[in-house]
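Peer 1: Data file data-v4.cif (mmCIF, C-alpha atoms) is appended below.
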data_final
#
loop_
_atom_site.label_atom_id
_atom_site.label_comp_id
_atom_site.auth_asym_id
_atom_site.auth_seq_id
_atom_site.Cartn_x
_atom_site.Cartn_y
_atom_site.Cartn_z
CA MET A 1 75.00 129.27 167.74
CA SER A 2 76.05 132.87 167.43
CA GLY A 3 75.78 134.66 164.11
CA VAL A 4 78.82 135.28 161.95
CA ARG A 5 80.13 138.78 162.39
CA GLN A 6 80.62 140.84 159.32
CA PRO A 7 84.28 141.84 158.82
CA LYS A 8 85.05 145.46 159.61
CA GLY A 9 86.46 145.94 156.14
CA SER A 10 83.20 144.80 154.52
CA ARG A 11 81.17 147.15 156.73
CA ALA A 12 83.41 150.04 155.80
CA ILE A 13 82.98 149.24 152.10
CA MET A 14 79.18 149.05 152.50
CA ILE A 15 79.12 152.40 154.30
CA ALA A 16 81.28 153.97 151.59
CA VAL A 17 79.02 152.55 148.86
CA GLY A 18 75.93 153.84 150.70
CA LEU A 19 77.42 157.33 151.00
CA PHE A 20 78.39 157.32 147.34
CA ALA A 21 74.86 156.25 146.36
CA ALA A 22 73.37 159.02 148.51
CA VAL A 23 75.63 161.63 146.91
CA TRP A 24 74.65 160.37 143.44
CA LEU A 25 70.92 160.25 144.22
CA LEU A 26 70.74 163.70 145.81
CA PRO A 27 70.86 165.68 142.52
CA VAL A 28 68.36 163.23 140.99
CA ALA A 29 65.93 163.76 143.87
CA TRP A 30 66.46 167.52 143.61
CA VAL A 31 65.56 167.52 139.90
CA LEU A 32 62.51 165.31 140.53
CA ILE A 33 61.17 167.56 143.29
CA LEU A 34 61.71 170.72 141.24
CA SER A 35 59.79 169.17 138.34
CA PHE A 36 56.64 169.10 140.49
CA LYS A 37 56.96 172.66 141.79
CA PRO A 38 54.88 175.51 140.28
CA ASN A 39 57.11 177.88 138.35
CA GLU A 40 55.50 180.90 140.04
CA VAL A 41 56.44 179.55 143.48
CA LEU A 42 60.04 178.90 142.44
CA MET A 43 60.33 182.45 141.12
CA MET A 44 58.72 184.26 144.06
CA SER A 45 59.35 182.10 147.13
CA GLY A 46 62.50 181.23 149.01
CA ASP A 47 60.94 178.32 150.92
CA PRO A 48 62.60 174.89 150.78
CA VAL A 49 61.66 173.02 147.61
CA TRP A 50 60.35 169.95 149.45
CA LYS A 51 57.48 171.93 150.96
CA PRO A 52 54.07 172.13 149.20
CA PRO A 53 52.55 173.20 146.87
CA PHE A 54 53.23 170.65 144.13
CA THR A 55 51.69 170.37 140.67
CA PHE A 56 51.57 168.17 137.56
CA LYS A 57 51.26 171.23 135.32
CA ASN A 58 54.86 171.06 134.10
CA TYR A 59 54.36 167.51 132.80
CA ILE A 60 50.97 168.39 131.31
CA ASN A 61 52.62 171.24 129.37
CA ILE A 62 55.13 168.76 127.93
CA ILE A 63 52.46 166.24 126.92
CA GLU A 64 50.36 168.98 125.33
CA THR A 65 53.24 169.85 123.01
CA SER A 66 51.89 168.72 119.63
CA SER A 67 54.98 166.83 118.42
CA VAL A 68 56.33 165.36 121.63
CA PHE A 69 54.99 161.84 121.01
CA ARG A 70 56.34 161.90 117.45
CA TRP A 71 59.75 162.77 118.89
CA LEU A 72 59.37 160.00 121.44
CA ILE A 73 58.61 157.48 118.66
CA ASN A 74 61.59 158.75 116.65
CA SER A 75 63.91 158.26 119.63
CA ALA A 76 62.50 154.78 120.25
CA ILE A 77 62.93 153.72 116.60
CA VAL A 78 66.48 155.05 116.37
CA SER A 79 67.60 153.71 119.77
CA VAL A 80 66.08 150.23 119.44
CA SER A 81 67.23 149.78 115.84
CA ALA A 82 70.77 150.92 116.60
CA THR A 83 70.92 148.67 119.67
CA VAL A 84 69.78 145.56 117.79
CA LEU A 85 72.20 146.19 114.92
CA VAL A 86 75.13 146.93 117.23
CA LEU A 87 74.50 143.69 119.12
CA ALA A 88 74.37 141.70 115.88
CA LEU A 89 77.49 143.28 114.36
CA SER A 90 79.51 143.22 117.59
CA SER A 91 78.64 139.57 118.20
CA LEU A 92 79.69 138.52 114.70
CA ALA A 93 82.88 140.59 114.81
CA GLY A 94 83.72 139.41 118.33
CA TYR A 95 83.28 135.76 117.30
CA GLY A 96 85.42 136.31 114.23
CA PHE A 97 88.29 137.90 116.14
CA ALA A 98 88.11 135.35 118.97
CA ARG A 99 87.59 132.11 117.06
CA LEU A 100 88.53 132.49 113.41
CA HIS A 101 92.02 132.65 111.93
CA PHE A 102 92.44 134.95 108.93
CA PRO A 103 95.23 137.16 107.54
CA PHE A 104 96.03 140.35 109.51
CA ARG A 105 93.51 139.46 112.23
CA ASN A 106 95.52 141.10 115.03
CA THR A 107 96.29 144.17 112.92
CA ILE A 108 92.63 144.69 112.09
CA PHE A 109 91.69 144.24 115.74
CA VAL A 110 94.22 146.89 116.75
CA LEU A 111 92.75 149.26 114.15
CA VAL A 112 89.31 148.68 115.66
CA LEU A 113 90.66 149.51 119.11
CA ILE A 114 92.22 152.71 117.79
CA GLY A 115 88.66 153.81 117.05
CA LEU A 116 88.13 154.10 120.81
CA ALA A 117 90.58 157.01 120.86
CA ILE A 118 88.94 158.98 118.04
CA PRO A 119 86.32 161.47 119.31
CA GLU A 120 83.11 161.95 117.35
CA GLN A 121 83.88 165.64 116.84
CA ALA A 122 86.99 164.75 114.84
CA VAL A 123 84.96 163.12 112.06
CA ILE A 124 81.74 165.13 112.23
CA ILE A 125 82.50 167.36 109.20
CA ALA A 126 83.48 164.43 106.98
CA ARG A 127 80.43 162.49 108.13
CA HIS A 128 78.13 165.44 107.48
CA GLN A 129 79.49 165.88 103.95
CA LEU A 130 79.21 162.14 103.27
CA PHE A 131 75.62 161.91 104.49
CA THR A 132 74.72 165.05 102.52
CA SER A 133 76.05 163.52 99.30
CA TRP A 134 74.09 160.33 100.01
CA GLY A 135 70.91 162.25 100.87
CA LEU A 136 70.60 160.55 104.26
CA HIS A 137 69.84 163.58 106.41
CA ASN A 138 66.31 163.79 107.88
CA SER A 139 65.93 160.02 107.70
CA TYR A 140 66.02 157.15 110.17
CA VAL A 141 68.95 155.61 108.31
CA GLY A 142 70.91 158.82 108.71
CA LEU A 143 70.23 158.88 112.45
CA ILE A 144 70.97 155.18 113.02
CA LEU A 145 73.99 154.52 110.81
CA PRO A 146 76.65 156.54 112.72
CA HIS A 147 75.96 154.59 115.91
CA LEU A 148 76.76 151.22 114.35
CA SER A 149 80.51 151.80 114.46
CA LEU A 150 81.03 150.99 118.16
CA PRO A 151 84.60 149.72 118.78
CA PHE A 152 83.82 149.17 122.46
CA GLY A 153 81.15 146.63 121.53
CA VAL A 154 83.54 144.69 119.30
CA PHE A 155 86.21 144.70 122.00
CA LEU A 156 83.76 143.60 124.71
CA MET A 157 82.32 140.73 122.67
CA THR A 158 85.78 139.60 121.52
CA GLN A 159 87.04 139.36 125.08
CA PHE A 160 83.92 137.50 126.18
CA PHE A 161 84.14 134.96 123.34
CA ARG A 162 87.81 134.40 124.16
CA GLY A 163 86.78 133.49 127.71
CA ILE A 164 84.42 130.74 126.54
CA PRO A 165 86.16 127.31 126.63
CA GLN A 166 87.25 125.94 123.29
CA GLU A 167 85.85 122.56 124.34
CA LEU A 168 82.35 123.78 123.49
CA ASP A 169 83.38 124.34 119.89
CA GLU A 170 85.07 120.94 119.70
CA ALA A 171 82.02 119.18 121.12
CA ALA A 172 79.77 120.90 118.58
CA ILE A 173 82.09 119.91 115.72
CA LEU A 174 82.02 116.29 116.89
CA ASP A 175 78.22 116.50 116.62
CA ASN A 176 78.62 117.59 112.96
CA ALA A 177 77.50 121.15 113.69
CA SER A 178 78.53 123.79 111.15
CA ARG A 179 80.47 126.85 112.24
CA TRP A 180 77.37 129.01 111.95
CA ARG A 181 75.32 126.58 114.05
CA THR A 182 78.12 126.43 116.61
CA PHE A 183 78.05 130.20 116.86
CA TRP A 184 74.24 130.51 116.90
CA LYS A 185 73.25 127.53 119.04
CA VAL A 186 76.24 126.96 121.32
CA LEU A 187 78.31 130.10 121.84
CA LEU A 188 75.84 132.97 121.42
CA PRO A 189 73.55 131.83 124.29
CA GLN A 190 76.60 131.98 126.58
CA THR A 191 76.92 135.71 125.87
CA LEU A 192 73.41 136.79 126.91
CA PRO A 193 74.51 138.59 130.11
CA VAL A 194 77.15 140.65 128.32
CA GLN A 195 74.72 141.21 125.43
CA ALA A 196 72.30 142.79 127.92
CA THR A 197 75.05 145.03 129.27
CA LEU A 198 76.17 146.12 125.81
CA GLY A 199 72.56 146.59 124.72
CA ILE A 200 71.73 148.91 127.61
CA PHE A 201 74.97 150.83 127.13
CA THR A 202 74.18 151.31 123.44
CA PHE A 203 70.53 152.20 124.07
CA LEU A 204 71.45 154.87 126.62
CA LEU A 205 74.18 156.24 124.35
CA VAL A 206 71.83 156.59 121.39
CA TRP A 207 68.82 157.76 123.40
CA ASN A 208 70.78 160.58 125.05
CA ASP A 209 72.62 161.61 121.89
CA TYR A 210 72.04 165.26 121.07
CA PHE A 211 74.97 166.26 118.90
CA TRP A 212 74.39 164.19 115.76
CA PRO A 213 70.54 164.45 115.65
CA LEU A 214 70.93 168.21 116.00
CA ILE A 215 73.01 168.21 112.80
CA SER A 216 71.25 165.51 110.79
CA ALA A 217 67.59 166.14 111.67
CA THR A 218 66.64 169.61 110.45
CA ARG A 219 62.90 168.98 110.02
CA PRO A 220 60.79 169.00 113.22
CA GLU A 221 59.04 165.75 112.30
CA MET A 222 62.43 163.96 112.36
CA TYR A 223 63.62 165.38 115.69
CA THR A 224 64.53 162.93 118.43
CA LEU A 225 63.24 163.64 121.93
CA THR A 226 66.42 165.37 123.09
CA VAL A 227 66.48 167.74 120.13
CA GLY A 228 62.72 168.28 120.10
CA ILE A 229 62.48 169.24 123.76
CA ALA A 230 65.47 171.55 123.40
CA SER A 231 63.83 173.24 120.41
CA VAL A 232 60.69 173.93 122.44
CA GLN A 233 62.70 175.20 125.38
CA GLY A 234 64.66 177.75 123.37
CA ASN A 235 67.08 179.32 125.80
CA PHE A 236 66.83 179.47 129.58
CA ALA A 237 66.09 183.18 129.64
CA GLN A 238 62.98 182.55 127.54
CA SER A 239 61.92 179.37 129.36
CA GLU A 240 58.60 178.93 131.15
CA GLY A 241 60.41 178.29 134.41
CA LEU A 242 62.80 176.07 136.27
CA GLY A 243 60.11 173.52 137.11
CA TYR A 244 59.25 173.08 133.45
CA LEU A 245 62.94 172.66 132.61
CA MET A 246 63.36 169.95 135.27
CA ALA A 247 60.20 168.17 134.08
CA GLN A 248 61.69 168.00 130.59
CA ALA A 249 64.83 166.38 132.01
CA VAL A 250 62.77 163.77 133.89
CA PHE A 251 60.51 163.09 130.89
CA ALA A 252 63.48 162.56 128.56
CA GLY A 253 65.35 160.31 131.00
CA LEU A 254 62.45 158.15 132.20
CA PRO A 255 62.41 155.63 129.29
CA ALA A 256 66.13 154.97 129.71
CA LEU A 257 65.62 154.38 133.44
CA ILE A 258 62.80 151.91 132.72
CA VAL A 259 65.02 149.95 130.31
CA TYR A 260 67.78 149.80 132.92
CA LEU A 261 65.41 148.56 135.64
CA ILE A 262 64.09 145.81 133.36
CA PHE A 263 67.55 144.48 132.51
CA GLN A 264 69.43 145.21 135.74
CA LYS A 265 69.69 141.49 136.65
CA GLN A 266 71.46 140.78 133.35
CA ILE A 267 73.88 143.65 133.98
CA ILE A 268 74.74 142.36 137.46
CA GLY A 269 75.14 138.85 136.06
CA ALA A 270 77.51 140.07 133.35
CA ALA A 271 79.58 142.06 135.86
CA ALA A 272 79.79 139.08 138.22
CA GLY A 273 80.76 136.77 135.34
CA GLN A 274 83.52 139.09 134.18
CA ALA A 275 84.83 139.47 137.75
CA GLY A 276 84.98 135.69 138.12
CA ARG A 277 87.06 135.17 135.00
#
What is this structure when it is put down as structure tokens?
Peer 2:
Amino acid sequence: MSGVRQPKGSRAIMIAVGLFAAVWLLPVAWVLILSFKPNEVLMMSGDPVWKPPFTFKNYINIIETSSVFRWLINSAIVSVSATVLVLALSSLAGYGFARLHFPFRNTIFVLVLIGLAIPEQAVIIARHQLFTSWGLHNSYVGLILPHLSLPFGVFLMTQFFRGIPQELDEAAILDNASRWRTFWKVLLPQTLPVQATLGIFTFLLVWNDYFWPLISATRPEMYTLTVGIASVQGNFAQSEGLGYLMAQAVFAGLPALIVYLIFQKQIIGAAAGQAGR
């Protein structure tokens, strides 16, 4: 029996996706290769970058920076804490908007969605003054708190809860389950794929944030990794070389890549689930 031929349209889509992936990966590969090149070679030689010599010196210089692991721990604490709290708050808010009936529910939901259109820069002065009066600068609370207001997370969880059949709630009520137990034991496990997607989105957003930590963290011991590495780098004219600069970019982005690789199955599952709705 002959094999089933793949439709021409599907092959064209696969080729287009492959080309798009190659275009996206090319700058990443370029940065990675440059991070292993000696700075002296990059300054003096015009040879292609993929030719030897290569070195680990750029990464060793980063690791030998006295505070780099403190900055790494700060970024991990802020990113993980913000992610966990965003997931908890978004899940509760999404369940409330999707399942509960209370006065002005739709109006409040619209106000939450309006938050998607407000850029961070529009509220940065008011936030800075508020955190100054509360004495929250140079603290983990001050770095975490601004990330908890994530309208996208509330919207995403609300839409997902609305897609869960009401019959599950009714069956739980018939079994004398309370509303909290219905949420915790019945509905919340259904949202694990979208929780993984929202969690990775939040983690990457917080991990890569530079603007707010630059304002709030003024003491070196409270720097996140993005701010700390930038403070060591100074400006490009005073940098130790292009290879060192690229190594910093790889070092700062590697933890986020590891998190994505660990949870990529959940992301694909969430995307497939949403597409099937």
Peer 1: Which residues, protein or nucleic acid, reach to within 6 Å of (63.3, 165.8, 127.2) in the file's coordinates when using all atoms listed in the file, and can you give that as a tab-separated table (two decimals) with C-alpha atoms, in the frame of the given file?
Peer 2:
chain	number	residue	atom	x	y	z
A	225	LEU	CA	63.24	163.64	121.93
A	226	THR	CA	66.42	165.37	123.09
A	229	ILE	CA	62.48	169.24	123.76
A	248	GLN	CA	61.69	168.00	130.59
A	249	ALA	CA	64.83	166.38	132.01
A	251	PHE	CA	60.51	163.09	130.89
A	252	ALA	CA	63.48	162.56	128.56
Peer 1: From the list A:Ala171, A:Leu143, A:Val259, A:Met14, which residue is nearest Ile77 (chain A) when using all atoms listed in the file?
Peer 2: A:Leu143
Peer 1: Please evaluate the PyMOL selection byres ((chain A and resi 136-138) around 9) against the structure above and give the resulting residues as a list in words.
Peer 2: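 Selected by the PyMOL selection byres ((chain A and resi 136-138) around 9) in this file: His128, Leu130, Phe131, Thr132, Ser133, Trp134, Gly135, Ser139, Tyr140, Val141, Gly142, Leu143, Pro213, Ile215, Ser216, Ala217, Thr218, Arg219, Glu221, Met222 and Tyr223 of chain A.
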Peer 1: Apply the PyMOL selection byres ((chain A and resi 86-92) around 6) to the file shown and report the selected residues as a list in words.
Peer 2: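 For this structure, the PyMOL selection byres ((chain A and resi 86-92) around 6) resolves to Ala82, Thr83, Val84, Leu85, Ala93, Gly94, Tyr95, Leu148, Gly153, Val154 and Met157 of chain A.
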Peer 1: Using all atoms listed in the file, find the one residue out of A:Leu32, A:Met44, A:Leu187, A:Ile13 that sits nearest to Glu170 (chain A).
Peer 2: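 Result for the nearest residue to Glu170 (chain A): A:Leu187.
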Peer 1: With all atoms of region 172-186 of chain A from the file as input, state the centre and edge lengths in Å to one decimal of the axis-aligned box that has 5 Å extra on each side, as lines of an AutoDock Vina configuration file.
Peer 2:
center_x = 77.7
center_y = 123.4
center_z = 116.2
size_x = 18.8
size_y = 24.2
size_z = 20.2
Peer 1: What do you get, as a VMD selection string, if you spell out every residue that the PyMOL selection byres ((chain A and resi 169) around 9) selects here?
Peer 2: chain A and resid 165 to 168 170 to 174 179 182 to 183 186 to 187
Peer 1: Taking all atoms listed in the file into account, which of A:Asn39, A:Ser75, A:Gln264, A:Asn58 comes nearest Ile144 (chain A)?
Peer 2: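 Ranking A:Asn39, A:Ser75, A:Gln264, A:Asn58 by distance to Ile144 (chain A), first place goes to A:Ser75.
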Peer 1: Rank nothing, just name the residue among A:Ile258, A:Leu34, A:Leu145, A:Leu100 nearest to Thr55 (chain A), using all atoms listed in the file.
Peer 2: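 Going through A:Ile258, A:Leu34, A:Leu145, A:Leu100 one by one, the smallest distance to Thr55 (chain A) is for A:Leu34.
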Peer 1: Please measure the separation of CA of Val206 (chain A) and CA of Ser79 (chain A), giving the value in Å to one decimal.
Peer 2: 5.4 Å
Peer 1: Just to confirm, what's the straight-line distance from CA of Gln129 (chain A) to CA of Leu214 (chain A) in Å (one decimal)?
Peer 2: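 So the two atoms, CA of Gln129 (chain A) and CA of Leu214 (chain A), lie 15.0 Å apart.
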Peer 1: Please identify all polymer residues within 12 Å of Leu257 (chain A), counting only C-alpha atoms, omitting same-chain residues fewer than 3 positions from it, and present them as a list of chain:residue names.
Peer 2: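 Within the cut-off, the hits are A:Val28, A:Ile200, A:Phe201, A:Phe203, A:Leu204, A:Trp207, A:Asn208, A:Val250, A:Phe251, A:Ala252, A:Gly253, A:Leu254, A:Tyr260, A:Leu261, A:Ile262, A:Phe263, A:Gln264.
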Peer 1: For a quick check of understanding, using all atoms listed in the file, which of A:Phe104, A:Phe152, A:Trp71, A:Phe160 has the smallest distance to Ala230 (chain A)?
Peer 2: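 With all atoms listed in the file as the atom set, the closest residue is A:Trp71.
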Peer 1: So the first atom is CA of Ala22 (chain A) and the second is CA of Val194 (chain A); what is the distance between them in Å, to one decimal place?
Peer 2: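 A separation of 27.6 Å between them.
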